[in-house]
Structures are given as C-alpha cells and as structure tokens.
file structure22.pdb (PDB, C-alpha atoms and all ligand atoms)
ATOM      1  CA  MET A   1      -1.586 -18.301  -4.801
ATOM      2  CA  ASN A   2      -3.257 -19.810  -7.834
ATOM      3  CA  CYS A   3      -4.028 -17.079 -10.337
ATOM      4  CA  ASP A   4      -4.312 -19.457 -13.325
ATOM      5  CA  GLY A   5      -7.335 -19.727 -15.545
ATOM      6  CA  TYR A   6      -7.773 -16.020 -16.290
ATOM      7  CA  GLU A   7      -5.369 -15.653 -19.214
ATOM      8  CA  ASN A   8      -8.084 -14.859 -21.760
ATOM      9  CA  MET A   9      -9.551 -11.991 -19.791
ATOM     10  CA  LEU A  10      -7.594  -9.067 -21.218
ATOM     11  CA  PRO A  11      -6.259 -10.174 -24.602
ATOM     12  CA  LYS A  12      -4.817  -7.346 -26.711
ATOM     13  CA  LYS A  13      -4.759  -4.908 -23.792
ATOM     14  CA  ARG A  14      -1.452  -3.201 -23.183
ATOM     15  CA  VAL A  15      -0.496  -1.768 -19.818
ATOM     16  CA  ALA A  16       2.490   0.578 -19.433
ATOM     17  CA  LEU A  17       4.349   0.470 -16.134
ATOM     18  CA  LEU A  18       6.308   3.654 -15.504
ATOM     19  CA  PHE A  19       8.399   3.545 -12.328
ATOM     20  CA  TYR A  20      10.347   6.618 -11.239
ATOM     21  CA  GLN A  21      10.990   5.216  -7.769
ATOM     22  CA  ALA A  22      12.207   1.915  -6.317
ATOM     23  CA  SER A  23       9.721  -0.956  -6.188
ATOM     24  CA  THR A  24       9.739  -4.734  -5.935
ATOM     25  CA  ARG A  25       6.262  -5.943  -4.938
ATOM     26  CA  THR A  26       4.169  -3.295  -6.638
ATOM     27  CA  ARG A  27       5.958  -3.475  -9.983
ATOM     28  CA  LEU A  28       6.293  -7.247 -10.147
ATOM     29  CA  SER A  29       2.755  -7.932  -8.932
ATOM     30  CA  PHE A  30       1.369  -5.528 -11.560
ATOM     31  CA  GLU A  31       3.526  -7.247 -14.205
ATOM     32  CA  ALA A  32       2.415 -10.686 -13.011
ATOM     33  CA  SER A  33      -1.225  -9.499 -13.025
ATOM     34  CA  VAL A  34      -1.035  -8.271 -16.608
ATOM     35  CA  ASP A  35       0.504 -11.618 -17.618
ATOM     36  CA  ALA A  36      -2.060 -13.629 -15.693
ATOM     37  CA  LEU A  37      -4.878 -11.813 -17.518
ATOM     38  CA  GLY A  38      -3.292 -12.427 -20.922
ATOM     39  CA  GLY A  39      -2.447  -8.739 -21.478
ATOM     40  CA  ARG A  40       0.812  -7.189 -22.665
ATOM     41  CA  LYS A  41       3.058  -4.906 -20.683
ATOM     42  CA  LEU A  42       5.423  -2.078 -21.544
ATOM     43  CA  THR A  43       7.690  -1.656 -18.562
ATOM     44  CA  MET A  44      10.089   1.174 -17.861
ATOM     45  CA  SER A  45      11.747   1.277 -14.477
ATOM     46  CA  ASP A  46      14.483   3.750 -13.548
ATOM     47  CA  MET A  47      12.448   6.353 -15.475
ATOM     48  CA  GLU A  48      14.311   9.108 -13.623
ATOM     49  CA  GLN A  49      17.475   7.901 -15.412
ATOM     50  CA  PHE A  50      16.284   6.539 -18.741
ATOM     51  CA  SER A  51      13.204   8.434 -19.904
ATOM     52  CA  SER A  52      13.483  11.415 -22.242
ATOM     53  CA  GLU A  53      12.911  13.649 -19.236
ATOM     54  CA  VAL A  54      16.692  13.365 -18.919
ATOM     55  CA  LYS A  55      16.821  15.295 -22.230
ATOM     56  CA  GLY A  56      14.469  17.932 -20.869
ATOM     57  CA  GLU A  57      11.065  16.523 -21.827
ATOM     58  CA  SER A  58       8.315  17.474 -19.389
ATOM     59  CA  PHE A  59       6.655  14.780 -17.273
ATOM     60  CA  GLU A  60       3.326  15.744 -18.865
ATOM     61  CA  ASP A  61       4.671  15.221 -22.391
ATOM     62  CA  THR A  62       6.040  11.814 -21.416
ATOM     63  CA  ILE A  63       2.585  10.803 -20.190
ATOM     64  CA  ARG A  64       0.856  12.255 -23.294
ATOM     65  CA  VAL A  65       3.155  10.167 -25.489
ATOM     66  CA  VAL A  66       2.948   6.908 -23.511
ATOM     67  CA  SER A  67      -0.838   7.172 -23.324
ATOM     68  CA  GLY A  68      -0.886   6.756 -27.096
ATOM     69  CA  TYR A  69       0.766   3.322 -26.832
ATOM     70  CA  CYS A  70      -1.340   1.532 -24.237
ATOM     71  CA  HIS A  71      -4.723   1.119 -22.567
ATOM     72  CA  ALA A  72      -3.649   2.037 -19.009
ATOM     73  CA  ILE A  73      -0.599   3.434 -17.234
ATOM     74  CA  VAL A  74       0.630   2.263 -13.852
ATOM     75  CA  LEU A  75       2.708   5.061 -12.378
ATOM     76  CA  ARG A  76       5.030   5.267  -9.381
ATOM     77  CA  HIS A  77       6.644   8.618  -8.735
ATOM     78  CA  PRO A  78       8.561  10.243  -5.867
ATOM     79  CA  HIS A  79       6.452  13.426  -5.943
ATOM     80  CA  ALA A  80       3.113  13.770  -4.174
ATOM     81  CA  GLY A  81       0.475  14.716  -6.729
ATOM     82  CA  ALA A  82       2.261  13.150  -9.732
ATOM     83  CA  ALA A  83      -0.585  10.717 -10.437
ATOM     84  CA  ALA A  84      -3.146  13.533 -10.542
ATOM     85  CA  LYS A  85      -0.853  15.528 -12.824
ATOM     86  CA  ALA A  86      -0.565  12.536 -15.138
ATOM     87  CA  ALA A  87      -4.319  11.895 -15.114
ATOM     88  CA  ALA A  88      -4.921  15.479 -16.227
ATOM     89  CA  VAL A  89      -3.086  14.887 -19.533
ATOM     90  CA  SER A  90      -3.419  11.139 -20.158
ATOM     91  CA  ARG A  91      -5.787   9.626 -22.735
ATOM     92  CA  VAL A  92      -5.929   6.345 -20.764
ATOM     93  CA  PRO A  93      -6.547   5.563 -17.065
ATOM     94  CA  ILE A  94      -3.676   6.260 -14.685
ATOM     95  CA  ILE A  95      -3.263   3.826 -11.801
ATOM     96  CA  ASN A  96      -1.404   5.416  -8.915
ATOM     97  CA  ALA A  97       1.220   2.909  -7.732
ATOM     98  CA  GLY A  98       2.480   5.357  -5.092
ATOM     99  CA  ASP A  99       3.069   9.108  -5.426
ATOM    100  CA  GLY A 100       5.649  10.390  -2.968
ATOM    101  CA  ASN A 101       4.388  10.482   0.593
ATOM    102  CA  ASN A 102       0.826  11.029  -0.600
ATOM    103  CA  GLU A 103      -1.184   7.940  -1.584
ATOM    104  CA  HIS A 104      -0.761   4.244  -2.423
ATOM    105  CA  PRO A 105      -4.324   3.199  -3.239
ATOM    106  CA  THR A 106      -3.689  -0.294  -4.626
ATOM    107  CA  GLN A 107      -1.755  -1.173  -1.456
ATOM    108  CA  ALA A 108      -4.761   0.009   0.552
ATOM    109  CA  TYR A 109      -7.100  -2.234  -1.494
ATOM    110  CA  LEU A 110      -4.925  -5.273  -0.848
ATOM    111  CA  ASP A 111      -4.610  -4.358   2.829
ATOM    112  CA  LEU A 112      -8.381  -3.980   3.151
ATOM    113  CA  PHE A 113      -8.853  -7.309   1.355
ATOM    114  CA  THR A 114      -6.413  -8.991   3.772
ATOM    115  CA  ILE A 115      -8.375  -7.623   6.742
ATOM    116  CA  TRP A 116     -11.662  -8.799   5.190
ATOM    117  CA  GLN A 117     -10.148 -12.263   4.637
ATOM    118  CA  ALA A 118      -8.968 -12.455   8.260
ATOM    119  CA  LEU A 119     -12.400 -11.381   9.492
ATOM    120  CA  ASN A 120     -14.079 -14.071   7.417
ATOM    121  CA  GLU A 121     -11.675 -16.702   8.732
ATOM    122  CA  ASP A 122     -12.437 -15.733  12.366
ATOM    123  CA  ARG A 123      -8.864 -14.561  12.791
ATOM    124  CA  LEU A 124     -10.349 -11.236  13.890
ATOM    125  CA  PRO A 125     -13.224 -10.744  16.327
ATOM    126  CA  ASP A 126     -16.665  -9.831  15.041
ATOM    127  CA  LYS A 127     -16.804  -6.330  16.605
ATOM    128  CA  PRO A 128     -15.552  -2.811  15.787
ATOM    129  CA  LEU A 129     -11.808  -3.280  15.333
ATOM    130  CA  ASN A 130      -9.041  -1.437  17.175
ATOM    131  CA  ILE A 131      -6.112  -0.642  14.912
ATOM    132  CA  LEU A 132      -2.630   0.479  15.855
ATOM    133  CA  PHE A 133      -0.582   2.155  13.126
ATOM    134  CA  PHE A 134       2.975   1.883  14.368
ATOM    135  CA  GLY A 135       5.948   3.510  12.629
ATOM    136  CA  ASP A 136       6.504   6.460  10.307
ATOM    137  CA  ASN A 137       2.859   7.485  10.068
ATOM    138  CA  LYS A 138       3.914  10.975   9.064
ATOM    139  CA  ASN A 139       5.383   9.907   5.717
ATOM    140  CA  SER A 140       3.855   6.505   4.955
ATOM    141  CA  ARG A 141       1.542   6.757   1.967
ATOM    142  CA  THR A 142       0.270   3.267   2.824
ATOM    143  CA  VAL A 143      -0.975   4.558   6.183
ATOM    144  CA  ARG A 144      -2.807   7.530   4.663
ATOM    145  CA  SER A 145      -4.438   5.349   1.996
ATOM    146  CA  LEU A 146      -5.432   2.513   4.337
ATOM    147  CA  ALA A 147      -6.656   4.681   7.239
ATOM    148  CA  THR A 148      -8.922   6.695   4.936
ATOM    149  CA  LEU A 149     -10.107   3.664   2.924
ATOM    150  CA  LEU A 150     -11.004   1.820   6.132
ATOM    151  CA  VAL A 151     -13.443   4.520   7.162
ATOM    152  CA  SER A 152     -14.791   5.247   3.672
ATOM    153  CA  HIS A 153     -15.210   1.663   2.360
ATOM    154  CA  GLY A 154     -14.632  -0.695   5.322
ATOM    155  CA  PRO A 155     -18.300  -0.641   6.436
ATOM    156  CA  ALA A 156     -19.484  -1.791   2.986
ATOM    157  CA  LEU A 157     -17.355  -4.926   3.511
ATOM    158  CA  GLY A 158     -18.555  -5.445   7.076
ATOM    159  CA  ILE A 159     -15.383  -3.932   8.565
ATOM    160  CA  GLN A 160     -16.117  -1.464  11.371
ATOM    161  CA  VAL A 161     -13.330   0.489  13.052
ATOM    162  CA  GLY A 162     -13.694   1.206  16.758
ATOM    163  CA  ARG A 163     -10.389   2.963  17.419
ATOM    164  CA  MET A 164      -7.348   4.032  15.446
ATOM    165  CA  HIS A 165      -4.219   4.630  17.459
ATOM    166  CA  PHE A 166      -1.095   6.118  15.899
ATOM    167  CA  GLY A 167       2.290   5.532  17.542
ATOM    168  CA  GLY A 168       5.895   5.738  16.426
ATOM    169  CA  PRO A 169       9.194   7.576  16.771
ATOM    170  CA  VAL A 170       8.846  11.057  18.265
ATOM    171  CA  GLY A 171       7.922  13.513  15.507
ATOM    172  CA  TYR A 172       7.029  10.719  13.041
ATOM    173  CA  GLY A 173       4.218   8.752  14.678
ATOM    174  CA  THR A 174       1.491  11.349  14.026
ATOM    175  CA  PRO A 175      -0.151  11.217  10.602
ATOM    176  CA  PRO A 176      -0.708  14.422   8.597
ATOM    177  CA  ASN A 177      -3.732  16.553   9.517
ATOM    178  CA  ASP A 178      -5.774  15.566   6.470
ATOM    179  CA  VAL A 179      -5.657  11.924   7.631
ATOM    180  CA  ILE A 180      -6.796  12.908  11.123
ATOM    181  CA  GLU A 181      -9.593  15.041   9.656
ATOM    182  CA  ALA A 182     -10.735  12.175   7.417
ATOM    183  CA  ILE A 183     -11.066   9.641  10.237
ATOM    184  CA  ARG A 184     -11.898  11.538  13.388
ATOM    185  CA  THR A 185     -15.653  11.642  12.932
ATOM    186  CA  SER A 186     -15.842   7.917  12.097
ATOM    187  CA  CYS A 187     -13.934   6.287  14.958
ATOM    188  CA  ASP A 188     -12.063   6.967  18.195
ATOM    189  CA  PHE A 189      -8.631   8.269  17.592
ATOM    190  CA  SER A 190      -5.511   8.601  19.766
ATOM    191  CA  LEU A 191      -1.826   9.414  19.478
ATOM    192  CA  SER A 192       1.280   8.603  21.516
ATOM    193  CA  SER A 193       4.860   7.579  20.858
ATOM    194  CA  ALA A 194       4.484   4.147  22.505
ATOM    195  CA  PRO A 195       2.277   1.297  21.255
ATOM    196  CA  GLN A 196      -0.736   1.467  23.585
ATOM    197  CA  SER A 197      -3.334  -0.942  24.980
ATOM    198  CA  LEU A 198      -2.043  -3.886  22.987
ATOM    199  CA  SER A 199      -4.296  -6.280  24.886
ATOM    200  CA  ASP A 200      -7.346  -4.878  23.069
ATOM    201  CA  THR A 201      -5.659  -4.150  19.730
ATOM    202  CA  ASP A 202      -6.926  -6.274  16.843
ATOM    203  CA  ILE A 203      -4.724  -5.087  13.996
ATOM    204  CA  VAL A 204      -1.166  -3.756  14.184
ATOM    205  CA  TYR A 205       0.023  -2.083  10.974
ATOM    206  CA  VAL A 206       3.786  -1.530  11.169
ATOM    207  CA  THR A 207       5.721   0.691   8.741
ATOM    208  CA  ARG A 208       9.417   1.311   8.159
ATOM    209  CA  PRO A 209      11.046   4.743   8.561
ATOM    210  CA  GLN A 210      10.477   6.366   5.150
ATOM    211  CA  LYS A 211      14.066   7.589   4.983
ATOM    212  CA  GLU A 212      13.705   8.850   1.425
ATOM    213  CA  TYR A 213      11.673  11.753   2.870
ATOM    214  CA  HIS A 214      13.862  12.491   5.905
ATOM    215  CA  GLY A 215      16.782  14.333   4.298
ATOM    216  CA  ASP A 216      19.773  14.082   6.617
ATOM    217  CA  THR A 217      17.696  13.386   9.732
ATOM    218  CA  LYS A 218      18.186   9.899  11.160
ATOM    219  CA  ILE A 219      15.151   8.646  13.020
ATOM    220  CA  GLU A 220      15.168   6.086  15.753
ATOM    221  CA  VAL A 221      13.574   2.747  14.830
ATOM    222  CA  ILE A 222      11.263   1.252  17.448
ATOM    223  CA  PRO A 223      10.878  -2.422  16.563
ATOM    224  CA  PHE A 224       7.578  -4.223  17.019
ATOM    225  CA  THR A 225       9.203  -7.074  18.950
ATOM    226  CA  PRO A 226       7.890 -10.560  19.765
ATOM    227  CA  GLU A 227       7.615  -9.272  23.376
ATOM    228  CA  LEU A 228       5.146  -6.599  22.231
ATOM    229  CA  ALA A 229       3.346  -9.120  20.003
ATOM    230  CA  ALA A 230       2.908 -11.351  23.067
ATOM    231  CA  LEU A 231       0.637  -8.651  24.552
ATOM    232  CA  LEU A 232      -1.818  -8.878  21.623
ATOM    233  CA  PRO A 233      -4.909 -11.089  21.820
ATOM    234  CA  ALA A 234      -4.814 -14.483  20.057
ATOM    235  CA  GLN A 235      -7.407 -13.170  17.596
ATOM    236  CA  ALA A 236      -5.332 -10.387  16.027
ATOM    237  CA  ILE A 237      -3.237  -9.778  12.923
ATOM    238  CA  ILE A 238       0.144  -8.148  12.370
ATOM    239  CA  MET A 239       0.452  -6.306   9.061
ATOM    240  CA  HIS A 240       3.262  -4.514   7.206
ATOM    241  CA  PRO A 241       3.232  -3.296   3.592
ATOM    242  CA  LEU A 242       6.903  -4.384   3.228
ATOM    243  CA  PRO A 243       9.763  -3.843   2.586
ATOM    244  CA  ARG A 244      10.777  -4.123   6.234
ATOM    245  CA  THR A 245      13.938  -3.008   7.924
ATOM    246  CA  THR A 246      14.607  -3.515  11.626
ATOM    247  CA  GLU A 247      11.137  -2.371  12.788
ATOM    248  CA  LEU A 248       9.704  -5.845  12.106
ATOM    249  CA  PRO A 249      11.963  -8.630  13.446
ATOM    250  CA  VAL A 250      12.045 -11.853  11.417
ATOM    251  CA  GLU A 251      11.320 -13.710  14.673
ATOM    252  CA  LEU A 252       7.679 -12.667  14.155
ATOM    253  CA  ASP A 253       7.411 -14.503  10.843
ATOM    254  CA  ASN A 254       6.309 -17.764  12.447
ATOM    255  CA  ASP A 255       3.684 -16.044  14.580
ATOM    256  CA  PRO A 256       0.325 -17.283  13.195
ATOM    257  CA  ARG A 257      -0.967 -13.697  13.478
ATOM    258  CA  ALA A 258       1.615 -12.362  11.001
ATOM    259  CA  VAL A 259      -0.089 -11.758   7.629
ATOM    260  CA  TYR A 260       2.436  -9.571   5.818
ATOM    261  CA  PHE A 261       3.436 -12.157   3.227
ATOM    262  CA  ARG A 262      -0.210 -12.852   2.670
ATOM    263  CA  GLN A 263      -0.625  -9.128   1.960
ATOM    264  CA  SER A 264       2.056  -9.279  -0.733
ATOM    265  CA  ASP A 265       0.460 -12.420  -2.250
ATOM    266  CA  ASN A 266      -2.919 -10.693  -2.264
ATOM    267  CA  GLY A 267      -1.343  -7.819  -4.202
ATOM    268  CA  MET A 268      -1.398  -9.843  -7.396
ATOM    269  CA  LEU A 269      -5.039 -10.856  -7.010
ATOM    270  CA  ILE A 270      -6.213  -7.345  -6.204
ATOM    271  CA  ARG A 271      -4.264  -5.809  -9.074
ATOM    272  CA  MET A 272      -5.689  -8.414 -11.460
ATOM    273  CA  ALA A 273      -9.179  -7.465 -10.289
ATOM    274  CA  LEU A 274      -8.473  -3.764 -10.703
ATOM    275  CA  LEU A 275      -6.996  -4.128 -14.209
ATOM    276  CA  TRP A 276      -9.888  -6.301 -15.319
ATOM    277  CA  HIS A 277     -12.419  -3.854 -13.877
ATOM    278  CA  LEU A 278     -10.760  -0.935 -15.714
ATOM    279  CA  LEU A 279      -9.967  -2.589 -19.047
ATOM    280  CA  GLN A 280     -12.516  -5.359 -19.769
TER     281      GLN A 280
HETATM  282  C1  LIG B 301       5.325   0.658   0.327
HETATM  283  C2  LIG B 301       5.485   1.926  -0.486
HETATM  284  O1  LIG B 301       6.116   1.909  -1.538
HETATM  285  O2  LIG B 301       4.951   2.918  -0.042
HETATM  286  N1  LIG B 301       5.812  -0.480  -0.338
HETATM  287  C3  LIG B 301       4.952  -1.194  -1.108
HETATM  288  O3  LIG B 301       4.540  -0.752  -2.163
HETATM  289  N2  LIG B 301       4.520  -2.354  -0.611
HETATM  290  C4  LIG B 301       5.819   0.771   1.716
HETATM  291  C5  LIG B 301       7.227   1.246   1.942
HETATM  292  O4  LIG B 301       7.991   1.427   0.999
HETATM  293  O5  LIG B 301       7.542   1.406   3.110
END

call {"tool": "encode", "arguments": {"input": "structure22.pdb", "output": "structure tokens"}}
result
Amino acid sequence: MNCDGYENMLPKKRVALLFYQASTRTRLSFEASVDALGGRKLTMSDMEQFSSEVKGESFEDTIRVVSGYCHAIVLRHPHAGAAAKAAAVSRVPIINAGDGNNEHPTQAYLDLFTIWQALNEDRLPDKPLNILFFGDNKNSRTVRSLATLLVSHGPALGIQVGRMHFGGPVGYGTPPNDVIEAIRTSCDFSLSSAPQSLSDTDIVYVTRPQKEYHGDTKIEVIPFTPELAALLPAQAIIMHPLPRTTELPVELDNDPRAVYFRQSDNGMLIRMALLWHLLQ
C-alpha cells in the first residue's frame, strides 16, 4: 500500500497512543499513520504495567495529564466504556481503539471500506448483501461495531444489507441484545450455531474465540474450512479482523475471495484519513 506523499499533512501534531491491552495491527497502523502524515507520536504500551496507575493514580487523572501533551489520544483498554470515561475528562479527542468487548470503531471503518472496495471491483454482487458473522459474536467488539455501522452508514456508501446471520459455538454465536435491536428493523436477521445458506452468502466475517473474556471456560472452535468456503458463490468475500487462531485455516489464504490481509492494509489508510479529519 502506497501511503507516501502525505507527510506534510499534520506537521506539529502530536498523537498519544495509550494501550492497556495487547495489539499489533491497531497500534502499529496508528503509529504508521501518524508517521505517514508527518505527525509525532507518544506511545505507551503495557500501560497496565508501566503507567502511574500502578502507583494508584486514577485512569481519569492519567487521561487529564496526557491530554495536556498532545492533540489526540488513541486508547485501547480492556474495560467496556473506558473510551467514554476518557472522553469525559480529556481536553483532546479520544479515538477508541477497542474498549473491552464493547466497540472497535476504527476496525469497523476499515471493514466497511474493504466491503465498499470489493463492491466497486465487482467482487460482490450489486444487490442487498447477505452477511454471515461466524465465531464469538457474543464478545467480539469488531462484530458489534461493524454490524451496527453497516446498517447506520452502509446505505450512504451504496452498501445495502439484505440479511445478517449470526452463527458460532453454542452460547457464543449470538450477539448481545443491543446489536440485535440496532439491526433488526433494517435487515433480515437469523441465528443458529451452524453456518447457514452459504450458497447465497456474500460476506463471511469470521472471528476468533475472545478468550480474554471467557474466564476459565474453554469454548470449542469451529473452523471456517476450505470445504465450507467451497459452498460460497464465486462473487463473495471472506473477512476476519485478525489475529486468527484455528478458526481460519491458512489454506484459505490463497482463495481469491479472502480479503483479511487487505483489511489490515486498509487499516493504515483509514486511520490516516481519520487522524487528518480530526486534526487538520
Ligand atoms: C480485534 C480486536 O482487538 O478486537 N483485533 C484487531 O484490532 N484487529 C479482533 C480480535 O482481537 O479478535
């Protein structure tokens, strides 16, 4: 992905990246985006170990302090609601880079962009799209953010959803009620543990078991195998926010319908656009 030529767009803007939870793509693509726009970054990962919260400082005080050093804060936190808490006390914009099992809005933007790209390249049919969310829909913040963004902002980009189907391990395939409430008036909606009607599914969005929210419970992983992928139409895409475990076999990587590495590439572009929009 060529992101060169934009390095004078955010000179003298500083972005703080505060990560209290593991991350590879989100942190590095935000860092790369700040660099590509000519901004400066203040990065702290392992915040749960190295910030002054270890000494007893409140999360709110940490945010108050950091917001005096920069023009925006990118925050990842294991607790749902942390981004809203931070926004309530920050003097600069807070970008939610994932808060517990709640939301991951920038992932949803890059996912929506990837779908829009595929539609414009005729890799998806020009009709209301049938989407299968397959995996830990109960705890995946990427699923909540994408499912709700698709119905709220998809139509403005020419993306119509016909049906959303949610499948996955028993007890984990069903998304939380607020997600169901947000989508059910906009498209057809169904639930089951097995992936259903693959022959008329246009987008499969696979997620890993979110074991960080499972305590001691071990959940069964149902892989989206090449055999299942063979049931999809030729005009379809297979998505995953990554990281993957065994739910997405590497054998699928050469399938022309697999777009998950494209999603991670698009992350940099989308985060550049967001930072520029907020800070220009
Ligand atoms: C996702 C997340 O952190 O929610 N990863 C990412 O940012 N691409 C998905 C996951 O961890 O399963």

call {"tool": "residues_around", "arguments": {"input": "structure22.pdb", "residues": "range 241-248 of chain A", "least_positions_apart": "4", "cutoff": "8 Å", "atoms": "all atoms listed in the file", "output": "ChimeraX atom specification"}}
result
/A:107,111,135,142,206-208,221-225,252,260,263-264

call {"tool": "residues_near_ligand", "arguments": {"input": "structure22.pdb", "ligand": "ligand LIG 301 (chain B)", "cutoff": "9 Å", "atoms": "all atoms listed in the file", "output": "ChimeraX atom specification"}}
result
/A:21-27,76,97-101,103-104,106-107,136,140-143,207-210,240-244,263-264,267

call {"tool": "closest_residue", "arguments": {"input": "structure22.pdb", "among": "A:Asn2, A:Asn139, A:Gln117, A:Asn177", "to": "Val259 in chain A", "atoms": "only C-alpha atoms"}}
result
A:Gln117

call {"tool": "residues_around", "arguments": {"input": "structure22.pdb", "residues": "Ser193 in chain A", "least_positions_apart": "2", "cutoff": "8 Å", "atoms": "only C-alpha atoms", "output": "ChimeraX atom specification"}}
result
/A:166-170,173,191,195

call {"tool": "atom_distance", "arguments": {"input": "structure22.pdb", "atom1": "CA of Ala156 in chain A", "atom2": "CA of Leu112 in chain A"}}
result
11.3 Å

call {"tool": "atom_distance", "arguments": {"input": "structure22.pdb", "atom1": "CA of Glu121 in chain A", "atom2": "CA of Ile238 in chain A"}}
result
15.0 Å

call {"tool": "resolve_selection", "arguments": {"input": "structure22.pdb", "expression": "the PyMOL selection byres (((chain A and resi 122-127) around 9) and not hetatm)", "output": "list in words"}}
result
Ile115, Gln117, Ala118, Leu119, Asn120, Glu121, Pro128, Leu129, Ile159, Gln160, Val161, Gly162, Asp202, Ile203, Ala234, Gln235, Ala236, Ile237 and Arg257 of chain A

call {"tool": "write_last_selection", "arguments": {"input": "structure22.pdb", "atoms": "C-alpha atoms", "output": "PDB file, in the coordinates of the input"}}
result
ATOM      1  CA  ILE A 115      -8.375  -7.623   6.742  1.00  0.00           C
ATOM      2  CA  GLN A 117     -10.148 -12.263   4.637  1.00  0.00           C
ATOM      3  CA  ALA A 118      -8.968 -12.455   8.260  1.00  0.00           C
ATOM      4  CA  LEU A 119     -12.400 -11.381   9.492  1.00  0.00           C
ATOM      5  CA  ASN A 120     -14.079 -14.071   7.417  1.00  0.00           C
ATOM      6  CA  GLU A 121     -11.675 -16.702   8.732  1.00  0.00           C
ATOM      7  CA  PRO A 128     -15.552  -2.811  15.787  1.00  0.00           C
ATOM      8  CA  LEU A 129     -11.808  -3.280  15.333  1.00  0.00           C
ATOM      9  CA  ILE A 159     -15.383  -3.932   8.565  1.00  0.00           C
ATOM     10  CA  GLN A 160     -16.117  -1.464  11.371  1.00  0.00           C
ATOM     11  CA  VAL A 161     -13.330   0.489  13.052  1.00  0.00           C
ATOM     12  CA  GLY A 162     -13.694   1.206  16.758  1.00  0.00           C
ATOM     13  CA  ASP A 202      -6.926  -6.274  16.843  1.00  0.00           C
ATOM     14  CA  ILE A 203      -4.724  -5.087  13.996  1.00  0.00           C
ATOM     15  CA  ALA A 234      -4.814 -14.483  20.057  1.00  0.00           C
ATOM     16  CA  GLN A 235      -7.407 -13.170  17.596  1.00  0.00           C
ATOM     17  CA  ALA A 236      -5.332 -10.387  16.027  1.00  0.00           C
ATOM     18  CA  ILE A 237      -3.237  -9.778  12.923  1.00  0.00           C
ATOM     19  CA  ARG A 257      -0.967 -13.697  13.478  1.00  0.00           C
TER      20      ARG A 257
END

call {"tool": "atom_distance", "arguments": {"input": "structure22.pdb", "atom1": "CA of Leu157 in chain A", "atom2": "CA of Trp116 in chain A"}}
result
7.1 Å

call {"tool": "residues_around", "arguments": {"input": "structure22.pdb", "residues": "Leu18 in chain A", "least_positions_apart": "2", "cutoff": "8 Å", "atoms": "only C-alpha atoms", "output": "list in words"}}
result
Ala16, Tyr20, Thr43, Met44, Ser45, Met47, Ile73, Val74, Leu75 and Arg76 of chain A

call {"tool": "closest_residue", "arguments": {"input": "structure22.pdb", "among": "A:Met164, A:Ile219, A:Ala88, A:Val204", "to": "Leu231 in chain A", "atoms": "all atoms listed in the file"}}
result
A:Val204

call {"tool": "resolve_selection", "arguments": {"input": "structure22.pdb", "expression": "the PyMOL selection byres (((chain A and resi 274) around 12) and not hetatm)", "output": "JSON, numbers by chain"}}
result
{"A": [10, 30, 33, 34, 37, 72, 74, 93, 94, 95, 96, 105, 106, 107, 109, 110, 267, 268, 269, 270, 271, 272, 273, 275, 276, 277, 278, 279, 280]}

call {"tool": "residues_around", "arguments": {"input": "structure22.pdb", "residues": "Arg91 in chain A", "least_positions_apart": "3", "cutoff": "12 Å", "atoms": "only C-alpha atoms", "output": "JSON, numbers by chain"}}
result
{"A": [60, 61, 63, 64, 65, 66, 67, 68, 69, 70, 71, 72, 73, 86, 87, 88, 94]}

call {"tool": "axis_aligned_box", "arguments": {"input": "structure22.pdb", "around": "range 216-225 of chain A", "padding_each_side": "6 Å", "output": "lines of an AutoDock Vina configuration file"}}
result
center_x = 13.7
center_y = 3.5
center_z = 12.8
size_x = 24.2
size_y = 33.2
size_z = 24.3

call {"tool": "closest_residue", "arguments": {"input": "structure22.pdb", "among": "A:Asn102, A:Thr62, A:Ser29, A:Ser190", "to": "Val89 in chain A", "atoms": "all atoms listed in the file"}}
result
A:Thr62

call {"tool": "residues_around", "arguments": {"input": "structure22.pdb", "residues": "Ala147 in chain A", "least_positions_apart": "3", "cutoff": "8 Å", "atoms": "all atoms listed in the file", "output": "list in words"}}
result
Val143, Arg144, Leu150, Val151, Val179 and Ile183 of chain A

call {"tool": "resolve_selection", "arguments": {"input": "structure22.pdb", "expression": "the PyMOL selection byres (((chain A and resi 187) around 6) and not hetatm)", "output": "list in words"}}
result
Gly162, Arg163, Arg184, Thr185, Ser186 and Asp188 of chain A
